[in-house]
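Let me begin by presenting the structure, written as structure tokens, before commenting on it.
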There are 4 protein chains.
Amino acid sequence: MDMGSNVCVIVGFGPGLGAAYAEVFQNDGYDLALLSRSGAEFEGNKDNNTSMKAYACDAGNPESLRNALMSAQSDLGKIEVVIYNADLAQFGTLDDVSEVEFEQSWRVGALGLFTSAKLLGPQMAERGSGAIIVSGATASLRGNVWTTAFAPSKSAQRVLANALAKQLGPKGVHVAYLVIDGVIDTADTRTNFAPNEPDEFFINPTRIAETALMLAKQDKSAWTFELDIRPFGEKW
Amino acid sequence: MDMGSNVCVIVGFGPGLGAAYAEVFQNDGYDLALLSRSGAEFEGNKDNNTSMKAYACDAGNPESLRNALMSAQSDLGKIEVVIYNADLAQFGTLDDVSEVEFEQSWRVGALGLFTSAKLLGPQMAERGSGAIIVSGATASLRGNVWTTAFAPSKSAQRVLANALAKQLGPKGVHVAYLVIDGVIDTADTRTNFAPNEPDEFFINPTRIAETALMLAKQDKSAWTFELDIRPFGEKW
Amino acid sequence: MDMGSNVCVIVGFGPGLGAAYAEVFQNDGYDLALLSRSGAEFEGNKDNNTSMKAYACDAGNPESLRNALMSAQSDLGKIEVVIYNADLAQFGTLDDVSEVEFEQSWRVGALGLFTSAKLLGPQMAERGSGAIIVSGATASLRGNVWTTAFAPSKSAQRVLANALAKQLGPKGVHVAYLVIDGVIDTADTRTNFAPNEPDEFFINPTRIAETALMLAKQDKSAWTFELDIRPFGEKW
Amino acid sequence: MDMGSNVCVIVGFGPGLGAAYAEVFQNDGYDLALLSRSGAEFEGNKDNNTSMKAYACDAGNPESLRNALMSAQSDLGKIEVVIYNADLAQFGTLDDVSEVEFEQSWRVGALGLFTSAKLLGPQMAERGSGAIIVSGATASLRGNVWTTAFAPSKSAQRVLANALAKQLGPKGVHVAYLVIDGVIDTADTRTNFAPNEPDEFFINPTRIAETALMLAKQDKSAWTFELDIRPFGEKW
């Protein structure tokens, strides 16, 4: 088998959802390229003969992100799946958010997806296969008091994904957007964001990653562009 | 094992998508109750020891539909999954559509879902499990020149499903809506609706049913209410 | 001037928003046909030489509504503007709402609009002018725990209006939908629904009616189909 | 009367819609600050004793835009209405659009609105009055093949406006978004974009500006955040 024929890059690897994507895609046999600010590595499951490499980059800096993606392809082979999970998750009102923060939020949320698609979309289209799956949020659909920077960033990201889906879909490349509505269960959210909430308040990140894997494998005669994900106990 | 613990009712069984739901859920081990106007039976796969029964009813007539659902429960056991697939798919402009047709479209599309949920929702909520999955359409989101009757019916159906999801979700019952965007591959659509289109024009109904099965089995910490489905070659 | 050339019918006249529509359109010079269950009359402003007649009918009963609309045309002349304001505003969960109530909510909210458009749309299209303006609600966009009947009714109404707009617009008939988001200031809501809320909690119905009048007079080179209306203090 | 109590700034003045805003707001008695790349002046109507000044700036450059807005306030008085009309209207596929263009489109469409709101929103909120009205587009709602840069920019702009509306509304500042759906009638679109289309194909920019003026004067008990505008002959 062609080494590197099954490479998944996770842009925005880290504890929580990033790690869940890594675990689920690795268990399914994907080689992993893990991109993060720090270049963090993943413990993972070493038993299934997949390859894995970590790269440090800034998703909001096109040159930095391009270099990491090209290194990953050079090391592991053609990228088949992009999980775009980079996000500053910066919250604040008009008073709180500076112009620099407003820009940085957009750079990591939207520009980095553009950079990834600009580099990898054409080669996926040429092969007639591939998937670009984006971790989105309800903020992509509407603004709110605390999402002065976050909502415009996610909204640009979602509509870019929509434009990409319409361009790349007919060429066999599946672009999909997850509207994640709720608080993901991580060490950080359990401790800091919602210390007193019951289990059912949280979304299990592994379950999100399983839905992303389903999308990556969905037959092209019946593709999903967008789906929402929330815990059953969520008020919405 | 408790007989009837795994019963799936398909409201609106028939060739095409109805048969695909039957095939996919039966292959996964569900007993089937098939409701249709004619009481049509399903050839199916007899090898996996599932039960199957067909019932004639009018989904737009509450008494008729209730009777069929109660017969199914009496014959097969508690219903665990409802696939709501009934639909008149009536197209026409304001000039074409009569008041009777406008009403009938709503009765089969929206009232029948209400009847089903009114009967089965509370018992699912009491058990803390179950799924109600609805075959929807893009017309649920907007009206158009030819959808004077169809769009209002699908829109009422979608928003009812949304109300049900918010009421029954916290009790462990998963309500989900499929926005099917495109022409399903059936003998009828191939012959009459789109005789000259290539394969990639059509949605494979089995793939839709597989996505519905995924929803029926989705973990409740990360439920999807709504997703779209379209063939990769679709313009949208 | 041709008598009856400026007739506005208000389907669903009553205290609150219905009366505000009557006041604002009468002050602008429209003759008024006021349709309500009880046939209630309107005090109004008698100084501007407009005509006004009240008719009792059930907007959810096609024959009753058609008869009232035809009587109004016979008495006052061709109807130029339809304000569709009929609504049962029935709230309740799946447990609370009966099939009869679910149907009745749809009949008054959606079927009555269809009946009105079926009768008056073609003659407006033939003249190349006219407006159909619908009092909608946020419930037209999503369901909720308490809107099991109301949301599907408003959603069908909105999408029907959308279909009508696309059919009748190119023929010079303006169809528009008001997404009213908030509690309208009436004797009833002040006393029963929200007795302790400050003024800024409520929407002034006269201001809604003024926006409807603006829509009725909007130039056809730049028509609005949909707009939302809410008080500045509303959380949304 | 306090000089400058009625100042309207148009960010993105130019022929077509910018000039229509200038004409309509000046005729209503507003003093005008016209911001554009070139610092173009406006002929206008000199008879109603309004003031008018033009400023050259780059709406995508926060410092440049801030300087122009502060000069306008220093020259004319406190800004009461912001018409945000800046837009690169850059169209192209993923292959056509460069990272620089993708960024520039966002800077002018979304960052410039943030800069304007960051500078002027707090002072409007302190006074308890003011309006920020944004020239939007259907591309704010969805991406398409040709809108790889344009749609994400407009989408970020719309959702930012939505966040601003929720923050500034309760303080008496009206934020509104116009979803302009169609081709505006200008010398340029008539000649280059759609030379063979009939009059009814185009939106009259003066009619858009009149709707914007209506929004600027709408009573705060019944504010509109969003409305669509399209010519009656438009297919949608």
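We name chains A, B, ... following the order of the structure tokens; residues begin at 1 in each chain, and ligands are numbered from 1 as shown.
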
Checklist entry - Would you list which chain D residues are within 9 Å of chain C using only C-alpha atoms, as a VMD selection string? => result chain D and resid 166 168 to 174 180 199 to 205 207 to 208 211 214 218 to 236

Chain C fitted onto chain A, all C-alpha pairs in order, as a short mmCIF file (atom, residue, chain, number, x, y, z; two decimals) with C-alpha atoms, in the first residue's frame:
data_model
loop_
_atom_site.label_atom_id
_atom_site.label_comp_id
_atom_site.auth_asym_id
_atom_site.auth_seq_id
_atom_site.Cartn_x
_atom_site.Cartn_y
_atom_site.Cartn_z
CA MET C 1 -0.08 0.13 -0.20
CA ASP C 2 0.96 3.65 -1.08
CA MET C 3 2.51 5.28 1.99
CA GLY C 4 0.76 8.49 2.85
CA SER C 5 -2.45 7.60 1.04
CA ASN C 6 -4.37 8.04 4.24
CA VAL C 7 -3.04 11.17 5.87
CA CYS C 8 -5.20 13.34 8.10
CA VAL C 9 -3.91 16.74 9.18
CA ILE C 10 -5.38 18.34 12.26
CA VAL C 11 -4.90 22.11 12.13
CA GLY C 12 -5.30 23.20 15.75
CA PHE C 13 -4.28 20.10 17.68
CA GLY C 14 -4.47 20.33 21.47
CA PRO C 15 -6.14 18.80 24.49
CA GLY C 16 -9.90 18.30 24.22
CA LEU C 17 -11.40 18.22 20.75
CA GLY C 18 -8.04 18.19 18.92
CA ALA C 19 -6.93 15.12 20.84
CA ALA C 20 -10.28 13.43 20.23
CA TYR C 21 -9.95 13.94 16.48
CA ALA C 22 -6.44 12.49 16.66
CA GLU C 23 -7.59 9.45 18.62
CA VAL C 24 -10.59 8.67 16.42
CA PHE C 25 -8.83 9.14 13.07
CA GLN C 26 -5.73 7.25 14.20
CA ASN C 27 -7.84 4.35 15.43
CA ASP C 28 -9.45 4.29 12.01
CA GLY C 29 -6.03 3.90 10.41
CA TYR C 30 -5.14 7.43 9.39
CA ASP C 31 -1.61 8.74 9.61
CA LEU C 32 -1.67 12.00 11.52
CA ALA C 33 -0.05 15.39 11.05
CA LEU C 34 -0.71 17.45 14.16
CA LEU C 35 -0.34 21.22 13.81
CA SER C 36 -0.39 23.46 16.85
CA ARG C 37 1.24 26.62 18.16
CA SER C 38 3.51 24.63 20.42
CA GLY C 39 4.12 21.60 18.23
CA ALA C 40 2.61 19.39 20.94
CA GLU C 41 2.81 15.65 20.40
CA PHE C 42 0.08 13.07 20.91
CA GLU C 43 0.41 9.99 23.05
CA GLY C 44 -2.08 8.06 20.97
CA ASN C 45 -2.37 4.42 20.21
CA LYS C 46 0.87 3.04 18.78
CA ASP C 47 -0.48 -0.41 17.98
CA ASN C 48 -2.02 0.08 14.59
CA ASN C 49 1.05 0.94 12.53
CA THR C 50 0.00 4.46 11.69
CA SER C 51 2.50 7.29 11.43
CA MET C 52 2.22 10.51 13.34
CA LYS C 53 4.17 13.77 13.35
CA ALA C 54 3.72 17.07 15.14
CA TYR C 55 4.48 20.53 13.71
CA ALA C 56 4.60 23.95 15.35
CA CYS C 57 2.96 26.73 13.38
CA ASP C 58 0.65 29.73 13.61
CA ALA C 59 -2.56 28.99 11.71
CA GLY C 60 -3.21 32.73 11.40
CA ASN C 61 0.06 33.28 9.56
CA PRO C 62 -0.20 32.01 5.98
CA GLU C 63 3.50 31.38 5.51
CA SER C 64 3.86 29.55 8.79
CA LEU C 65 0.80 27.40 8.11
CA ARG C 66 1.80 26.66 4.51
CA ASN C 67 5.26 25.58 5.63
CA ALA C 68 3.84 23.20 8.20
CA LEU C 69 1.35 21.71 5.73
CA MET C 70 4.08 21.24 3.10
CA SER C 71 6.39 19.63 5.67
CA ALA C 72 3.61 17.27 6.66
CA GLN C 73 3.04 16.26 3.06
CA SER C 74 6.74 15.80 2.50
CA ASP C 75 7.01 13.63 5.63
CA LEU C 76 3.79 11.62 5.47
CA GLY C 77 2.45 11.86 1.91
CA LYS C 78 -0.53 13.54 0.27
CA ILE C 79 -3.06 14.87 2.73
CA GLU C 80 -6.45 13.23 2.33
CA VAL C 81 -8.36 14.80 5.21
CA VAL C 82 -8.04 18.26 6.73
CA ILE C 83 -9.65 18.78 10.13
CA TYR C 84 -9.69 22.52 10.59
CA ASN C 85 -9.90 22.97 14.36
CA ALA C 86 -7.92 26.19 14.91
CA ASP C 87 -9.73 28.81 16.90
CA LEU C 88 -8.85 31.53 19.39
CA ALA C 89 -12.25 31.29 21.14
CA GLN C 90 -11.84 34.91 22.13
CA PHE C 91 -14.85 36.31 23.94
CA GLY C 92 -15.66 39.89 24.79
CA THR C 93 -17.84 42.92 24.11
CA LEU C 94 -17.07 45.85 21.81
CA ASP C 95 -15.43 47.54 24.79
CA ASP C 96 -13.23 44.55 25.60
CA VAL C 97 -11.99 43.57 22.15
CA SER C 98 -9.11 45.45 20.52
CA GLU C 99 -8.56 45.78 16.78
CA VAL C 100 -5.58 43.47 17.09
CA GLU C 101 -7.70 40.81 18.82
CA PHE C 102 -10.52 41.23 16.30
CA GLU C 103 -8.04 40.66 13.49
CA GLN C 104 -6.24 37.80 15.18
CA SER C 105 -9.52 35.98 15.77
CA TRP C 106 -10.31 36.21 12.05
CA ARG C 107 -6.79 35.19 11.00
CA VAL C 108 -6.88 31.96 12.98
CA GLY C 109 -10.55 31.18 12.32
CA ALA C 110 -11.02 32.17 8.68
CA LEU C 111 -7.73 33.07 6.96
CA GLY C 112 -6.09 29.81 8.07
CA LEU C 113 -8.91 27.83 6.50
CA PHE C 114 -8.44 29.81 3.29
CA THR C 115 -4.67 29.14 3.36
CA SER C 116 -5.28 25.42 3.88
CA ALA C 117 -7.86 25.21 1.10
CA LYS C 118 -5.78 27.30 -1.28
CA LEU C 119 -2.84 24.91 -0.84
CA LEU C 120 -4.63 21.56 -0.56
CA GLY C 121 -7.96 22.06 -2.35
CA PRO C 122 -6.57 22.02 -5.91
CA GLN C 123 -4.55 18.83 -5.36
CA MET C 124 -7.55 17.13 -3.76
CA ALA C 125 -9.67 18.25 -6.72
CA GLU C 126 -7.10 16.86 -9.12
CA ARG C 127 -7.16 13.47 -7.35
CA GLY C 128 -10.96 13.64 -7.15
CA SER C 129 -11.05 12.85 -3.44
CA GLY C 130 -10.42 14.35 -0.04
CA ALA C 131 -12.28 16.02 2.78
CA ILE C 132 -12.05 19.34 4.60
CA ILE C 133 -13.98 19.26 7.86
CA VAL C 134 -14.31 22.36 10.00
CA SER C 135 -15.03 22.64 13.75
CA GLY C 136 -17.61 25.41 13.78
CA ALA C 137 -19.89 26.95 16.35
CA THR C 138 -23.35 28.42 16.74
CA ALA C 139 -21.63 31.82 16.72
CA SER C 140 -21.16 31.27 12.98
CA LEU C 141 -24.90 31.92 12.61
CA ARG C 142 -25.42 34.99 14.80
CA GLY C 143 -23.61 37.56 16.85
CA ASN C 144 -24.12 38.14 20.53
CA VAL C 145 -23.00 40.45 23.31
CA TRP C 146 -19.88 38.44 24.12
CA THR C 147 -18.95 37.39 20.61
CA THR C 148 -17.85 40.67 19.03
CA ALA C 149 -14.69 39.00 17.68
CA PHE C 150 -15.60 35.32 17.81
CA ALA C 151 -18.88 35.42 15.84
CA PRO C 152 -17.54 37.37 12.84
CA SER C 153 -14.58 35.00 12.71
CA LYS C 154 -16.75 31.86 12.83
CA SER C 155 -19.26 33.33 10.41
CA ALA C 156 -16.55 34.11 7.84
CA GLN C 157 -15.23 30.58 8.39
CA ARG C 158 -18.63 28.98 7.81
CA VAL C 159 -19.44 30.92 4.69
CA LEU C 160 -15.97 30.29 3.30
CA ALA C 161 -16.53 26.56 3.92
CA ASN C 162 -19.83 26.91 2.07
CA ALA C 163 -18.11 28.56 -0.91
CA LEU C 164 -15.44 25.83 -0.89
CA ALA C 165 -18.07 23.09 -0.74
CA LYS C 166 -19.74 24.44 -3.88
CA GLN C 167 -16.44 24.73 -5.74
CA LEU C 168 -14.72 21.54 -4.67
CA GLY C 169 -17.75 19.28 -4.22
CA PRO C 170 -18.37 18.67 -7.93
CA LYS C 171 -14.68 17.67 -8.17
CA GLY C 172 -15.07 14.99 -5.51
CA VAL C 173 -13.79 16.90 -2.46
CA HIS C 174 -16.12 16.90 0.53
CA VAL C 175 -16.22 20.10 2.59
CA ALA C 176 -18.31 19.95 5.77
CA TYR C 177 -19.04 22.25 8.69
CA LEU C 178 -19.85 21.17 12.26
CA VAL C 179 -22.00 23.65 14.18
CA ILE C 180 -20.92 22.67 17.69
CA ASP C 181 -23.47 24.07 20.12
CA GLY C 182 -22.43 23.62 23.71
CA VAL C 183 -19.44 23.28 25.97
CA ILE C 184 -16.97 20.53 25.16
CA ASP C 185 -15.91 18.28 28.01
CA THR C 186 -12.23 19.01 28.70
CA ALA C 187 -10.08 19.36 31.79
CA ASP C 188 -10.18 23.12 31.25
CA THR C 189 -13.93 23.57 30.82
CA ARG C 190 -14.64 21.25 33.76
CA THR C 191 -12.33 23.22 36.00
CA ASN C 192 -12.66 26.80 34.87
CA PHE C 193 -15.64 27.41 32.63
CA ALA C 194 -18.34 25.26 34.18
CA PRO C 195 -17.08 23.67 37.39
CA ASN C 196 -20.52 22.97 38.83
CA GLU C 197 -22.30 21.50 35.83
CA PRO C 198 -23.41 17.86 35.65
CA ASP C 199 -21.96 15.47 33.05
CA GLU C 200 -24.91 15.91 30.73
CA PHE C 201 -24.08 19.61 30.38
CA PHE C 202 -20.99 18.77 28.31
CA ILE C 203 -20.39 17.44 24.81
CA ASN C 204 -18.10 14.43 24.72
CA PRO C 205 -15.35 15.39 22.24
CA THR C 206 -14.85 11.79 21.12
CA ARG C 207 -18.46 11.73 19.91
CA ILE C 208 -17.86 14.89 17.86
CA ALA C 209 -14.80 13.28 16.33
CA GLU C 210 -16.80 10.16 15.45
CA THR C 211 -19.30 12.31 13.58
CA ALA C 212 -16.40 13.98 11.75
CA LEU C 213 -15.08 10.54 10.79
CA MET C 214 -18.52 9.60 9.48
CA LEU C 215 -18.44 12.74 7.32
CA ALA C 216 -14.95 11.92 6.03
CA LYS C 217 -16.26 8.54 4.89
CA GLN C 218 -19.71 9.58 3.68
CA ASP C 219 -20.53 8.38 0.18
CA LYS C 220 -20.43 11.21 -2.34
CA SER C 221 -23.90 10.49 -3.64
CA ALA C 222 -25.28 11.81 -0.34
CA TRP C 223 -22.97 14.32 1.25
CA THR C 224 -23.72 16.49 4.26
CA PHE C 225 -22.37 20.02 4.23
CA GLU C 226 -23.57 21.09 7.63
CA LEU C 227 -24.79 19.52 10.83
CA ASP C 228 -25.26 20.70 14.37
CA ILE C 229 -24.03 18.86 17.46
CA ARG C 230 -25.21 19.47 20.99
CA PRO C 231 -25.67 17.50 24.20
CA PHE C 232 -29.19 16.19 24.80
CA GLY C 233 -29.57 18.32 27.93
CA GLU C 234 -28.74 21.59 26.15
CA LYS C 235 -31.29 24.42 26.10
CA TRP C 236 -31.40 25.91 22.60
#

DSSP helix (DSSP H, G or I) residues within chain C, as a PDB file with C-alpha atoms, in the first residue's frame:
ATOM      1  CA  LEU C  17     -52.106  45.352  16.478  1.00  0.00           C
ATOM      2  CA  GLY C  18     -55.289  45.026  14.392  1.00  0.00           C
ATOM      3  CA  ALA C  19     -56.537  48.383  15.614  1.00  0.00           C
ATOM      4  CA  ALA C  20     -53.136  49.961  15.008  1.00  0.00           C
ATOM      5  CA  TYR C  21     -53.143  48.772  11.390  1.00  0.00           C
ATOM      6  CA  ALA C  22     -56.641  50.200  11.001  1.00  0.00           C
ATOM      7  CA  GLU C  23     -55.644  53.554  12.468  1.00  0.00           C
ATOM      8  CA  VAL C  24     -52.457  53.942  10.436  1.00  0.00           C
ATOM      9  CA  PHE C  25     -53.923  52.857   7.087  1.00  0.00           C
ATOM     10  CA  GLN C  26     -57.092  54.898   7.580  1.00  0.00           C
ATOM     11  CA  ASN C  27     -55.075  57.990   8.441  1.00  0.00           C
ATOM     12  CA  LYS C  46     -64.033  59.829  10.724  1.00  0.00           C
ATOM     13  CA  ASP C  47     -62.586  63.086   9.435  1.00  0.00           C
ATOM     14  CA  ASN C  48     -60.767  61.999   6.334  1.00  0.00           C
ATOM     15  CA  PRO C  62     -62.103  29.014   3.552  1.00  0.00           C
ATOM     16  CA  GLU C  63     -65.743  29.529   2.655  1.00  0.00           C
ATOM     17  CA  SER C  64     -66.373  31.921   5.514  1.00  0.00           C
ATOM     18  CA  LEU C  65     -63.248  33.937   4.715  1.00  0.00           C
ATOM     19  CA  ARG C  66     -63.919  34.001   0.970  1.00  0.00           C
ATOM     20  CA  ASN C  67     -67.457  35.236   1.566  1.00  0.00           C
ATOM     21  CA  ALA C  68     -66.244  38.058   3.778  1.00  0.00           C
ATOM     22  CA  LEU C  69     -63.542  39.092   1.298  1.00  0.00           C
ATOM     23  CA  MET C  70     -66.030  39.057  -1.594  1.00  0.00           C
ATOM     24  CA  SER C  71     -68.534  41.085   0.433  1.00  0.00           C
ATOM     25  CA  ALA C  72     -65.829  43.606   1.211  1.00  0.00           C
ATOM     26  CA  GLN C  73     -64.943  43.952  -2.455  1.00  0.00           C
ATOM     27  CA  SER C  74     -68.578  44.270  -3.402  1.00  0.00           C
ATOM     28  CA  ASP C  75     -69.100  46.973  -0.755  1.00  0.00           C
ATOM     29  CA  LEU C  76     -65.866  48.942  -1.005  1.00  0.00           C
ATOM     30  CA  GLU C  99     -54.821  17.506  17.361  1.00  0.00           C
ATOM     31  CA  VAL C 100     -57.796  19.818  16.988  1.00  0.00           C
ATOM     32  CA  GLU C 101     -55.819  22.758  18.380  1.00  0.00           C
ATOM     33  CA  PHE C 102     -52.791  21.906  16.231  1.00  0.00           C
ATOM     34  CA  GLU C 103     -55.016  21.940  13.161  1.00  0.00           C
ATOM     35  CA  GLN C 104     -56.930  25.049  14.141  1.00  0.00           C
ATOM     36  CA  SER C 105     -53.701  26.967  14.676  1.00  0.00           C
ATOM     37  CA  TRP C 106     -52.588  26.070  11.138  1.00  0.00           C
ATOM     38  CA  ARG C 107     -55.997  26.859   9.616  1.00  0.00           C
ATOM     39  CA  VAL C 108     -56.048  30.395  10.980  1.00  0.00           C
ATOM     40  CA  GLY C 109     -52.331  31.066  10.513  1.00  0.00           C
ATOM     41  CA  ALA C 110     -51.560  29.434   7.163  1.00  0.00           C
ATOM     42  CA  LEU C 111     -54.691  28.210   5.363  1.00  0.00           C
ATOM     43  CA  GLY C 112     -56.394  31.604   5.716  1.00  0.00           C
ATOM     44  CA  LEU C 113     -53.436  33.288   4.058  1.00  0.00           C
ATOM     45  CA  PHE C 114     -53.642  30.752   1.235  1.00  0.00           C
ATOM     46  CA  THR C 115     -57.396  31.397   0.856  1.00  0.00           C
ATOM     47  CA  SER C 116     -56.801  35.158   0.739  1.00  0.00           C
ATOM     48  CA  ALA C 117     -53.988  34.876  -1.796  1.00  0.00           C
ATOM     49  CA  LYS C 118     -55.879  32.374  -3.935  1.00  0.00           C
ATOM     50  CA  LEU C 119     -58.821  34.778  -4.186  1.00  0.00           C
ATOM     51  CA  LEU C 120     -57.039  38.134  -4.366  1.00  0.00           C
ATOM     52  CA  GLY C 121     -53.569  37.343  -5.747  1.00  0.00           C
ATOM     53  CA  PRO C 122     -54.647  36.725  -9.359  1.00  0.00           C
ATOM     54  CA  GLN C 123     -56.681  39.947  -9.578  1.00  0.00           C
ATOM     55  CA  MET C 124     -53.815  41.928  -8.060  1.00  0.00           C
ATOM     56  CA  ALA C 125     -51.457  40.305 -10.572  1.00  0.00           C
ATOM     57  CA  GLU C 126     -53.800  41.219 -13.401  1.00  0.00           C
ATOM     58  CA  ARG C 127     -53.859  44.878 -12.271  1.00  0.00           C
ATOM     59  CA  THR C 138     -39.936  34.677  15.445  1.00  0.00           C
ATOM     60  CA  ALA C 139     -41.681  31.325  15.895  1.00  0.00           C
ATOM     61  CA  SER C 140     -41.816  31.176  12.092  1.00  0.00           C
ATOM     62  CA  PHE C 150     -47.812  28.029  17.078  1.00  0.00           C
ATOM     63  CA  ALA C 151     -44.376  27.599  15.455  1.00  0.00           C
ATOM     64  CA  PRO C 152     -45.464  25.123  12.746  1.00  0.00           C
ATOM     65  CA  SER C 153     -48.386  27.415  11.934  1.00  0.00           C
ATOM     66  CA  LYS C 154     -46.210  30.543  11.673  1.00  0.00           C
ATOM     67  CA  SER C 155     -43.512  28.666   9.783  1.00  0.00           C
ATOM     68  CA  ALA C 156     -45.991  27.418   7.177  1.00  0.00           C
ATOM     69  CA  GLN C 157     -47.328  30.974   6.955  1.00  0.00           C
ATOM     70  CA  ARG C 158     -43.878  32.472   6.390  1.00  0.00           C
ATOM     71  CA  VAL C 159     -42.810  29.995   3.754  1.00  0.00           C
ATOM     72  CA  LEU C 160     -46.148  30.344   1.985  1.00  0.00           C
ATOM     73  CA  ALA C 161     -45.608  34.120   1.957  1.00  0.00           C
ATOM     74  CA  ASN C 162     -42.165  33.465   0.501  1.00  0.00           C
ATOM     75  CA  ALA C 163     -43.638  31.292  -2.271  1.00  0.00           C
ATOM     76  CA  LEU C 164     -46.275  33.957  -2.975  1.00  0.00           C
ATOM     77  CA  ALA C 165     -43.640  36.700  -3.107  1.00  0.00           C
ATOM     78  CA  LYS C 166     -41.722  34.812  -5.789  1.00  0.00           C
ATOM     79  CA  GLN C 167     -44.854  34.160  -7.844  1.00  0.00           C
ATOM     80  CA  LEU C 168     -46.634  37.482  -7.523  1.00  0.00           C
ATOM     81  CA  GLY C 169     -43.629  39.814  -7.236  1.00  0.00           C
ATOM     82  CA  PRO C 170     -42.691  39.743 -10.922  1.00  0.00           C
ATOM     83  CA  LYS C 171     -46.331  40.647 -11.661  1.00  0.00           C
ATOM     84  CA  ALA C 187     -54.382  46.225  27.385  1.00  0.00           C
ATOM     85  CA  ASP C 188     -54.270  42.438  27.547  1.00  0.00           C
ATOM     86  CA  THR C 189     -50.496  41.943  27.535  1.00  0.00           C
ATOM     87  CA  ARG C 190     -50.021  44.767  30.054  1.00  0.00           C
ATOM     88  CA  THR C 191     -52.543  43.216  32.414  1.00  0.00           C
ATOM     89  CA  ASN C 192     -52.145  39.490  31.981  1.00  0.00           C
ATOM     90  CA  PHE C 193     -48.986  38.504  30.158  1.00  0.00           C
ATOM     91  CA  ASP C 199     -42.620  50.369  28.944  1.00  0.00           C
ATOM     92  CA  GLU C 200     -39.488  49.545  27.008  1.00  0.00           C
ATOM     93  CA  PHE C 201     -40.312  45.826  27.261  1.00  0.00           C
ATOM     94  CA  PRO C 205     -48.273  48.430  17.768  1.00  0.00           C
ATOM     95  CA  THR C 206     -48.641  51.762  15.968  1.00  0.00           C
ATOM     96  CA  ARG C 207     -44.947  51.630  15.091  1.00  0.00           C
ATOM     97  CA  ILE C 208     -45.386  48.148  13.599  1.00  0.00           C
ATOM     98  CA  ALA C 209     -48.298  49.430  11.543  1.00  0.00           C
ATOM     99  CA  GLU C 210     -46.199  52.348  10.294  1.00  0.00           C
ATOM    100  CA  THR C 211     -43.566  49.915   9.069  1.00  0.00           C
ATOM    101  CA  ALA C 212     -46.315  47.922   7.328  1.00  0.00           C
ATOM    102  CA  LEU C 213     -47.518  51.116   5.648  1.00  0.00           C
ATOM    103  CA  MET C 214     -43.970  51.832   4.492  1.00  0.00           C
ATOM    104  CA  LEU C 215     -43.887  48.347   2.935  1.00  0.00           C
ATOM    105  CA  ALA C 216     -47.243  48.892   1.225  1.00  0.00           C
ATOM    106  CA  LYS C 217     -45.813  52.019  -0.398  1.00  0.00           C
TER     107      LYS C 217
END

Checklist entry - Can you list, as a ChimeraX atom specification, every residue of stretch 57-146 of chain C that DSSP puts in strand (DSSP E or B)? => result /C:79-84,92,131-137
